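Structure file work_28.cif; described as mmCIF, C-alpha atoms.
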data_upload
loop_
_atom_site.group_PDB
_atom_site.id
_atom_site.type_symbol
_atom_site.label_atom_id
_atom_site.label_comp_id
_atom_site.auth_asym_id
_atom_site.auth_seq_id
_atom_site.Cartn_x
_atom_site.Cartn_y
_atom_site.Cartn_z
ATOM 1 C CA MET H 18 92.355 64.818 145.407
ATOM 2 C CA ASN H 19 89.261 65.819 147.388
ATOM 3 C CA ALA H 20 85.747 65.694 146.021
ATOM 4 C CA LYS H 21 85.459 69.477 145.655
ATOM 5 C CA LYS H 22 88.563 69.737 143.458
ATOM 6 C CA THR H 23 87.428 66.768 141.408
ATOM 7 C CA THR H 24 84.076 68.437 140.801
ATOM 8 C CA ILE H 25 85.698 71.720 139.729
ATOM 9 C CA ILE H 26 88.053 69.976 137.301
ATOM 10 C CA THR H 27 85.211 67.915 135.882
ATOM 11 C CA LEU H 28 83.070 71.008 135.296
ATOM 12 C CA PHE H 29 85.994 72.789 133.649
ATOM 13 C CA LEU H 30 86.585 69.900 131.265
ATOM 14 C CA LEU H 31 82.905 69.651 130.393
ATOM 15 C CA LEU H 32 81.847 73.292 130.254
ATOM 16 C CA VAL H 33 84.859 75.550 129.762
ATOM 17 C CA LEU H 34 87.500 73.674 127.798
ATOM 18 C CA PRO H 35 85.423 72.667 124.723
ATOM 19 C CA PRO H 36 84.472 76.263 123.755
ATOM 20 C CA ILE H 37 88.091 77.358 124.156
ATOM 21 C CA VAL H 38 89.327 74.529 121.962
ATOM 22 C CA TYR H 39 86.638 75.282 119.370
ATOM 23 C CA PHE H 40 87.553 78.950 119.240
ATOM 24 C CA TYR H 41 91.254 78.330 118.760
ATOM 25 C CA VAL H 42 90.820 75.525 116.275
ATOM 26 C CA THR H 43 88.064 76.947 114.095
ATOM 27 C CA ARG H 44 88.536 80.712 114.241
ATOM 28 C CA GLY H 45 91.146 83.403 114.200
ATOM 29 C CA PHE H 46 93.885 81.548 116.059
ATOM 30 C CA ASN H 47 93.510 78.220 114.309
ATOM 31 C CA ASN H 48 96.626 76.418 113.172
ATOM 32 C CA PHE H 49 94.988 73.641 111.197
ATOM 33 C CA ILE H 50 92.816 75.028 108.393
ATOM 34 C CA ASN H 51 93.151 77.542 105.593
ATOM 35 C CA LEU H 52 90.502 79.593 103.868
ATOM 36 C CA GLU H 53 89.389 78.450 100.430
ATOM 37 C CA ILE H 54 90.977 80.031 97.345
ATOM 38 C CA ILE H 55 88.201 81.132 94.976
ATOM 39 C CA GLY H 56 88.524 80.926 91.204
ATOM 40 C CA GLU H 57 90.701 78.963 88.867
ATOM 41 C CA GLU H 58 94.301 78.264 89.755
ATOM 42 C CA GLY H 59 96.396 81.372 89.238
ATOM 43 C CA HIS H 60 93.462 83.796 89.431
ATOM 44 C CA ASN H 61 94.511 87.119 90.972
ATOM 45 C CA ILE H 62 93.115 90.617 91.045
ATOM 46 C CA PRO H 63 94.841 92.321 88.077
ATOM 47 C CA GLU H 64 96.689 95.608 88.054
ATOM 48 C CA PHE H 65 94.432 98.601 88.670
ATOM 49 C CA SER H 66 94.703 102.324 89.234
ATOM 50 C CA PHE H 67 91.886 104.406 90.677
ATOM 51 C CA ILE H 68 91.518 107.772 92.416
ATOM 52 C CA ASN H 69 90.187 108.001 95.961
ATOM 53 C CA GLN H 70 88.195 110.608 97.865
ATOM 54 C CA ASP H 71 91.369 112.629 98.463
ATOM 55 C CA ASN H 72 92.445 112.555 94.797
ATOM 56 C CA ASP H 73 95.207 110.089 95.683
ATOM 57 C CA THR H 74 96.023 107.092 93.496
ATOM 58 C CA VAL H 75 94.978 103.673 94.788
ATOM 59 C CA ASN H 76 96.583 100.689 93.066
ATOM 60 C CA LEU H 77 98.121 97.296 93.788
ATOM 61 C CA GLU H 78 101.020 99.030 95.507
ATOM 62 C CA THR H 79 98.516 100.492 98.004
ATOM 63 C CA VAL H 80 97.452 97.002 99.090
ATOM 64 C CA LYS H 81 100.817 95.285 98.652
ATOM 65 C CA GLY H 82 101.433 92.950 101.575
ATOM 66 C CA LYS H 83 97.966 93.621 102.963
ATOM 67 C CA ILE H 84 94.667 91.793 103.279
ATOM 68 C CA TYR H 85 91.768 93.847 101.980
ATOM 69 C CA VAL H 86 87.998 93.783 101.633
ATOM 70 C CA ALA H 87 86.384 95.194 98.470
ATOM 71 C CA ASN H 88 82.833 96.144 97.489
ATOM 72 C CA PHE H 89 80.877 98.288 95.006
ATOM 73 C CA PHE H 90 78.537 101.215 95.681
ATOM 74 C CA PHE H 91 77.476 104.644 94.399
ATOM 75 C CA THR H 92 76.862 107.814 96.371
ATOM 76 C CA SER H 93 73.287 108.403 95.169
ATOM 77 C CA CYS H 94 72.241 104.817 95.833
ATOM 78 C CA PRO H 95 68.730 104.929 97.348
ATOM 79 C CA THR H 96 68.699 101.379 98.715
ATOM 80 C CA ILE H 97 71.493 99.156 100.022
ATOM 81 C CA CYS H 98 74.634 101.315 99.868
ATOM 82 C CA PRO H 99 74.200 103.065 103.248
ATOM 83 C CA VAL H 100 73.554 99.667 104.848
ATOM 84 C CA MET H 101 76.631 98.209 103.210
ATOM 85 C CA THR H 102 78.717 101.174 104.316
ATOM 86 C CA LYS H 103 77.458 100.769 107.866
ATOM 87 C CA ASN H 104 78.343 97.085 107.848
ATOM 88 C CA MET H 105 81.762 97.711 106.301
ATOM 89 C CA SER H 106 82.328 100.259 109.057
ATOM 90 C CA TYR H 107 81.461 97.589 111.620
ATOM 91 C CA VAL H 108 83.968 95.185 110.069
ATOM 92 C CA GLN H 109 86.624 97.899 109.989
ATOM 93 C CA GLN H 110 86.105 98.769 113.642
ATOM 94 C CA GLU H 111 86.134 95.130 114.754
ATOM 95 C CA LEU H 112 89.456 94.596 112.954
ATOM 96 C CA SER H 113 90.992 97.964 113.827
ATOM 97 C CA VAL H 114 93.492 96.463 116.277
ATOM 98 C CA TYR H 115 95.059 94.367 113.535
ATOM 99 C CA PRO H 116 97.660 95.813 111.127
ATOM 100 C CA ASP H 117 97.806 95.514 107.356
ATOM 101 C CA ILE H 118 94.078 95.369 106.614
ATOM 102 C CA ARG H 119 92.484 97.751 104.113
ATOM 103 C CA PHE H 120 89.056 98.406 102.581
ATOM 104 C CA ILE H 121 88.179 99.551 99.045
ATOM 105 C CA SER H 122 84.726 100.711 97.909
ATOM 106 C CA HIS H 123 84.472 101.154 94.126
ATOM 107 C CA THR H 124 81.806 103.461 92.723
ATOM 108 C CA VAL H 125 79.771 102.085 89.816
ATOM 109 C CA ASP H 126 78.812 105.646 88.805
ATOM 110 C CA PRO H 127 82.165 107.285 88.035
ATOM 111 C CA LEU H 128 80.584 109.958 85.827
ATOM 112 C CA ASN H 129 78.911 111.526 88.867
ATOM 113 C CA ASP H 130 80.966 110.213 91.769
ATOM 114 C CA THR H 131 83.901 112.588 91.787
ATOM 115 C CA PRO H 132 86.398 112.457 94.661
ATOM 116 C CA GLU H 133 84.630 115.468 96.174
ATOM 117 C CA LYS H 134 81.238 113.777 96.013
ATOM 118 C CA MET H 135 82.605 110.596 97.564
ATOM 119 C CA LYS H 136 84.152 112.605 100.379
ATOM 120 C CA GLU H 137 80.787 114.256 100.988
ATOM 121 C CA PHE H 138 79.216 110.792 101.044
ATOM 122 C CA VAL H 139 81.672 109.798 103.771
ATOM 123 C CA LYS H 140 80.839 112.938 105.760
ATOM 124 C CA GLU H 141 77.135 112.161 105.432
ATOM 125 C CA MET H 142 77.740 108.658 106.794
ATOM 126 C CA GLN H 143 79.680 110.148 109.687
ATOM 127 C CA ARG H 144 76.876 112.614 110.397
ATOM 128 C CA ASN H 145 74.650 109.557 110.705
ATOM 129 C CA TYR H 146 77.028 108.095 113.305
ATOM 130 C CA ILE H 147 78.633 105.625 110.925
ATOM 131 C CA ASN H 148 82.350 105.627 111.634
ATOM 132 C CA VAL H 149 84.464 105.621 108.467
ATOM 133 C CA ASP H 150 88.218 105.611 109.043
ATOM 134 C CA LEU H 151 89.809 106.866 105.841
ATOM 135 C CA ALA H 152 93.253 105.900 107.108
ATOM 136 C CA SER H 153 92.580 102.367 105.848
ATOM 137 C CA TRP H 154 89.457 102.756 103.686
ATOM 138 C CA ASP H 155 89.438 104.171 100.166
ATOM 139 C CA PHE H 156 86.370 105.152 98.145
ATOM 140 C CA VAL H 157 87.563 105.016 94.561
ATOM 141 C CA THR H 158 86.509 106.180 91.123
ATOM 142 C CA GLY H 159 88.046 105.925 87.676
ATOM 143 C CA LYS H 160 87.230 104.946 84.124
ATOM 144 C CA LYS H 161 83.896 103.163 83.910
ATOM 145 C CA ASN H 162 85.169 100.289 81.793
ATOM 146 C CA GLU H 163 88.068 99.666 84.169
ATOM 147 C CA ILE H 164 85.791 99.617 87.211
ATOM 148 C CA TYR H 165 83.321 97.288 85.537
ATOM 149 C CA ASP H 166 86.129 95.026 84.308
ATOM 150 C CA ILE H 167 87.671 94.663 87.751
ATOM 151 C CA ALA H 168 84.271 93.739 89.173
ATOM 152 C CA LYS H 169 84.470 90.634 86.983
ATOM 153 C CA SER H 170 87.809 89.784 88.602
ATOM 154 C CA TYR H 171 86.093 89.935 91.988
ATOM 155 C CA PHE H 172 83.335 87.662 90.588
ATOM 156 C CA VAL H 173 80.588 90.205 91.296
ATOM 157 C CA ASN H 174 78.087 91.908 88.997
ATOM 158 C CA VAL H 175 77.765 95.615 88.224
ATOM 159 C CA SER H 176 75.840 97.314 85.429
ATOM 160 C CA GLN H 177 74.020 100.466 84.452
ATOM 161 C CA ASP H 178 70.259 99.896 84.320
ATOM 162 C CA SER H 179 67.731 102.690 83.838
ATOM 163 C CA LEU H 180 65.043 100.568 85.497
ATOM 164 C CA ALA H 181 67.046 99.912 88.658
ATOM 165 C CA PRO H 182 66.807 102.147 91.744
ATOM 166 C CA GLY H 183 69.239 104.989 91.155
ATOM 167 C CA GLY H 184 70.010 103.757 87.644
ATOM 168 C CA PHE H 185 72.601 101.117 88.556
ATOM 169 C CA LEU H 186 72.710 97.490 89.575
ATOM 170 C CA HIS H 187 75.598 96.322 91.705
ATOM 171 C CA SER H 188 76.398 93.387 93.910
ATOM 172 C CA GLU H 189 75.770 93.605 97.637
ATOM 173 C CA TYR H 190 78.746 91.329 98.247
ATOM 174 C CA PHE H 191 81.975 92.003 100.110
ATOM 175 C CA VAL H 192 85.031 90.221 98.735
ATOM 176 C CA LEU H 193 88.024 89.147 100.841
ATOM 177 C CA VAL H 194 91.399 89.388 99.090
ATOM 178 C CA ASP H 195 94.661 88.036 100.493
ATOM 179 C CA LYS H 196 98.173 89.465 100.285
ATOM 180 C CA GLU H 197 98.780 87.688 96.995
ATOM 181 C CA GLY H 198 95.685 89.189 95.383
ATOM 182 C CA ARG H 199 93.683 85.958 95.585
ATOM 183 C CA ILE H 200 90.030 85.867 96.590
ATOM 184 C CA ARG H 201 89.542 83.859 99.769
ATOM 185 C CA SER H 202 86.588 82.663 101.831
ATOM 186 C CA GLY H 203 85.498 80.319 104.565
ATOM 187 C CA ILE H 204 83.055 77.449 104.135
ATOM 188 C CA ASP H 205 79.363 77.181 104.974
ATOM 189 C CA LYS H 206 77.632 74.572 107.121
ATOM 190 C CA ASN H 207 77.569 72.227 104.144
ATOM 191 C CA ASN H 208 81.338 72.565 103.670
ATOM 192 C CA ASN H 209 80.937 74.597 100.483
ATOM 193 C CA PRO H 210 83.062 77.718 99.897
ATOM 194 C CA VAL H 211 81.168 80.881 100.803
ATOM 195 C CA GLY H 212 82.974 82.789 98.047
ATOM 196 C CA VAL H 213 81.636 86.213 99.035
ATOM 197 C CA TYR H 214 79.915 87.833 102.006
ATOM 198 C CA ASP H 215 76.510 89.553 101.876
ATOM 199 C CA GLY H 216 77.218 93.164 102.842
ATOM 200 C CA THR H 217 73.607 93.668 103.981
ATOM 201 C CA ASN H 218 73.681 90.718 106.389
ATOM 202 C CA GLU H 219 75.039 91.276 109.895
ATOM 203 C CA VAL H 220 75.550 87.556 110.525
ATOM 204 C CA GLN H 221 77.732 87.286 107.449
ATOM 205 C CA MET H 222 79.724 90.301 108.620
ATOM 206 C CA LYS H 223 80.610 88.379 111.766
ATOM 207 C CA ALA H 224 81.643 85.434 109.589
ATOM 208 C CA LEU H 225 83.796 87.763 107.481
ATOM 209 C CA ILE H 226 85.518 89.104 110.592
ATOM 210 C CA ASP H 227 86.223 85.583 111.809
ATOM 211 C CA ASP H 228 87.552 84.559 108.400
ATOM 212 C CA VAL H 229 89.885 87.560 108.239
ATOM 213 C CA LYS H 230 91.336 86.377 111.551
ATOM 214 C CA VAL H 231 91.745 82.871 110.137
ATOM 215 C CA LEU H 232 93.567 84.343 107.148
ATOM 216 C CA MET H 233 95.864 86.368 109.415
ATOM 217 C CA ALA H 234 96.642 83.218 111.398
ATOM 218 C CA GLU H 235 97.465 81.457 108.133
ATOM 219 C CA TYR H 236 100.164 84.042 107.430
ATOM 220 C CA LYS H 237 101.583 83.742 110.927
ATOM 221 C CA ARG H 238 102.157 79.994 110.715
ATOM 222 C CA PRO H 239 105.699 78.861 110.004
ATOM 223 C CA LYS H 240 106.229 78.039 106.348
ATOM 224 C CA LYS H 241 106.918 74.414 105.503
ATOM 225 C CA GLU H 242 110.325 73.667 104.121
ATOM 226 C CA ASP H 243 110.354 72.466 100.500
#

Could you write out this file's structure as structure tokens?
Amino acid sequence: MNAKKTTIITLFLLLVLPPIVYFYVTRGFNNFINLEIIGEEGHNIPEFSFINQDNDTVNLETVKGKIYVANFFFTSCPTICPVMTKNMSYVQQELSVYPDIRFISHTVDPLNDTPEKMKEFVKEMQRNYINVDLASWDFVTGKKNEIYDIAKSYFVNVSQDSLAPGGFLHSEYFVLVDKEGRIRSGIDKNNNPVGVYDGTNEVQMKALIDDVKVLMAEYKRPKKED
């Protein structure tokens, strides 16, 4: 082997191969790690039934066999909701080439957030150049107690508070749910489960996208024989 070829191979091994190996081992195509399961053993998102922006029912059957990302918002939110919607839109677009992924945004103000008002909220986002694809994203409303109860299952906080901006407090977090209805997450730099993803933080949105790919790879791996 001549010196030129030796130099090229050496540079490839030093500069090109390590990033490729890192990407395949630690991200969406990894075959060696799983995402963490959050909550006590056996914890799953319970049965639910809500109405979306088109007056269609959204329930566990809607997300059966699918990975989905959930969050909480309200249409008159004066602070973080437009930012969260923009970031959820980014996640949706980045994952649009993959099948069986859905998004659910639950209103915390069901008294005012009718399907028609939520649809207008979507149109307003689109007028502001925020792409919202309703083919895989539902904005849902329902009974207040049922919405607030399911928030507890996602391990996020929601409440009505007259002193809060817009009259409601709700978590900024996005929650990743697998096909079995379990909450999943990656780990942080200290090897602790992330648990949830800050919907106002662009860096965490990139982490969420990567972790969704890891979860998809987990489902693609051959199952071990018992």

Per residue of stretch 32-137 of chain H within 12 Å of stretch 218-225 of chain H, what are the shortest atom pair and its distance in Å to one decimal, counting all atoms listed in the file, with rows by chain and residue number, as JSON lines?
{"residue": "H:Thr43", "atom": "CA", "partner": "H:Ala224", "partner_atom": "CA", "distance": 11.6}
{"residue": "H:Arg44", "atom": "CA", "partner": "H:Ala224", "partner_atom": "CA", "distance": 9.6}
{"residue": "H:Gly45", "atom": "CA", "partner": "H:Ala224", "partner_atom": "CA", "distance": 10.8}
{"residue": "H:Leu52", "atom": "CA", "partner": "H:Leu225", "partner_atom": "CA", "distance": 11.2}
{"residue": "H:Tyr85", "atom": "CA", "partner": "H:Leu225", "partner_atom": "CA", "distance": 11.4}
{"residue": "H:Val86", "atom": "CA", "partner": "H:Leu225", "partner_atom": "CA", "distance": 9.4}
{"residue": "H:Ala87", "atom": "CA", "partner": "H:Leu225", "partner_atom": "CA", "distance": 12.0}
{"residue": "H:Ile97", "atom": "CA", "partner": "H:Asn218", "partner_atom": "CA", "distance": 10.8}
{"residue": "H:Val100", "atom": "CA", "partner": "H:Asn218", "partner_atom": "CA", "distance": 9.1}
{"residue": "H:Met101", "atom": "CA", "partner": "H:Asn218", "partner_atom": "CA", "distance": 8.7}
{"residue": "H:Thr102", "atom": "CA", "partner": "H:Met222", "partner_atom": "CA", "distance": 11.7}
{"residue": "H:Lys103", "atom": "CA", "partner": "H:Glu219", "partner_atom": "CA", "distance": 10.0}
{"residue": "H:Asn104", "atom": "CA", "partner": "H:Met222", "partner_atom": "CA", "distance": 7.0}
{"residue": "H:Met105", "atom": "CA", "partner": "H:Met222", "partner_atom": "CA", "distance": 8.0}
{"residue": "H:Ser106", "atom": "CA", "partner": "H:Met222", "partner_atom": "CA", "distance": 10.3}
{"residue": "H:Tyr107", "atom": "CA", "partner": "H:Met222", "partner_atom": "CA", "distance": 8.1}
{"residue": "H:Val108", "atom": "CA", "partner": "H:Met222", "partner_atom": "CA", "distance": 6.6}
{"residue": "H:Gln109", "atom": "CA", "partner": "H:Met222", "partner_atom": "CA", "distance": 10.4}
{"residue": "H:Gln110", "atom": "CA", "partner": "H:Met222", "partner_atom": "CA", "distance": 11.7}
{"residue": "H:Glu111", "atom": "CA", "partner": "H:Lys223", "partner_atom": "CA", "distance": 9.2}
{"residue": "H:Leu112", "atom": "CA", "partner": "H:Leu225", "partner_atom": "CA", "distance": 10.4}

Any chance you could work out the residue set of the PyMOL selection byres ((chain H and resi 93) around 10) here, as a PyMOL selection string?
chain H and resi 90-92+94-96+98-99+126+129-130+134-135+138+182-185

Evaluate the PyMOL selection byres ((chain H and resi 79) around 12) and report residues as a PyMOL selection string:
chain H and resi 64-69+73-78+80-85+117-121+152-155+196+198

Report, in Å to a single decimal, how far apart atom CA of H:Asp215 and atom CA of H:Asp178 are.
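If I compute the distance from atom CA of H:Asp178 to atom CA of H:Asp215, I get 21.3 Å.
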
Spell out the residues picked by the PyMOL selection byres ((chain H and resi 187) around 10) here, as a ChimeraX atom specification.
/H:88-91,97-98,124-125,165,168,173-178,181,185-186,188-190

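Distance-wise, atom CA of H:Gly203 and atom CA of H:Asp228 end up 6.1 Å apart.
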
Please define a box with edges along x, y and z of the file around all atoms of stretch 124-132 of chain H given in the file, extend it by 3 Å on each side, and return its centre and edge lengths in Å to one decimal, as lines of an AutoDock Vina configuration file.
center_x = 82.6
center_y = 107.3
center_z = 90.2
size_x = 13.6
size_y = 16.5
size_z = 14.8

Ranking H:Asp205, H:Leu193, H:Asn145, H:Pro63 by minimum distance to H:Glu163 and counting only C-alpha atoms, which one comes first?
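With only C-alpha atoms as the atom set, the closest residue is H:Pro63.
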
Can you tell me how far atom CA of H:Ile204 sits from atom CA of H:Ser113, in Å to one decimal?
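Going from atom CA of H:Ile204 over to atom CA of H:Ser113 covers 24.0 Å.
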
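In terms of minimum interatomic distance to H:Glu137, H:Asp71 ranks closest within H:Glu197, H:Asp166, H:Asp71, H:Glu57, counting all atoms listed in the file.
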
Nearest to H:Val194: which of H:Phe156, H:Tyr171, H:Tyr214, H:Tyr115 is it, counting only C-alpha atoms?
H:Tyr171

Nearest to H:Asp150: which of H:Thr217, H:Gly59, H:Leu128, H:Lys136 is it, counting only C-alpha atoms?
H:Lys136
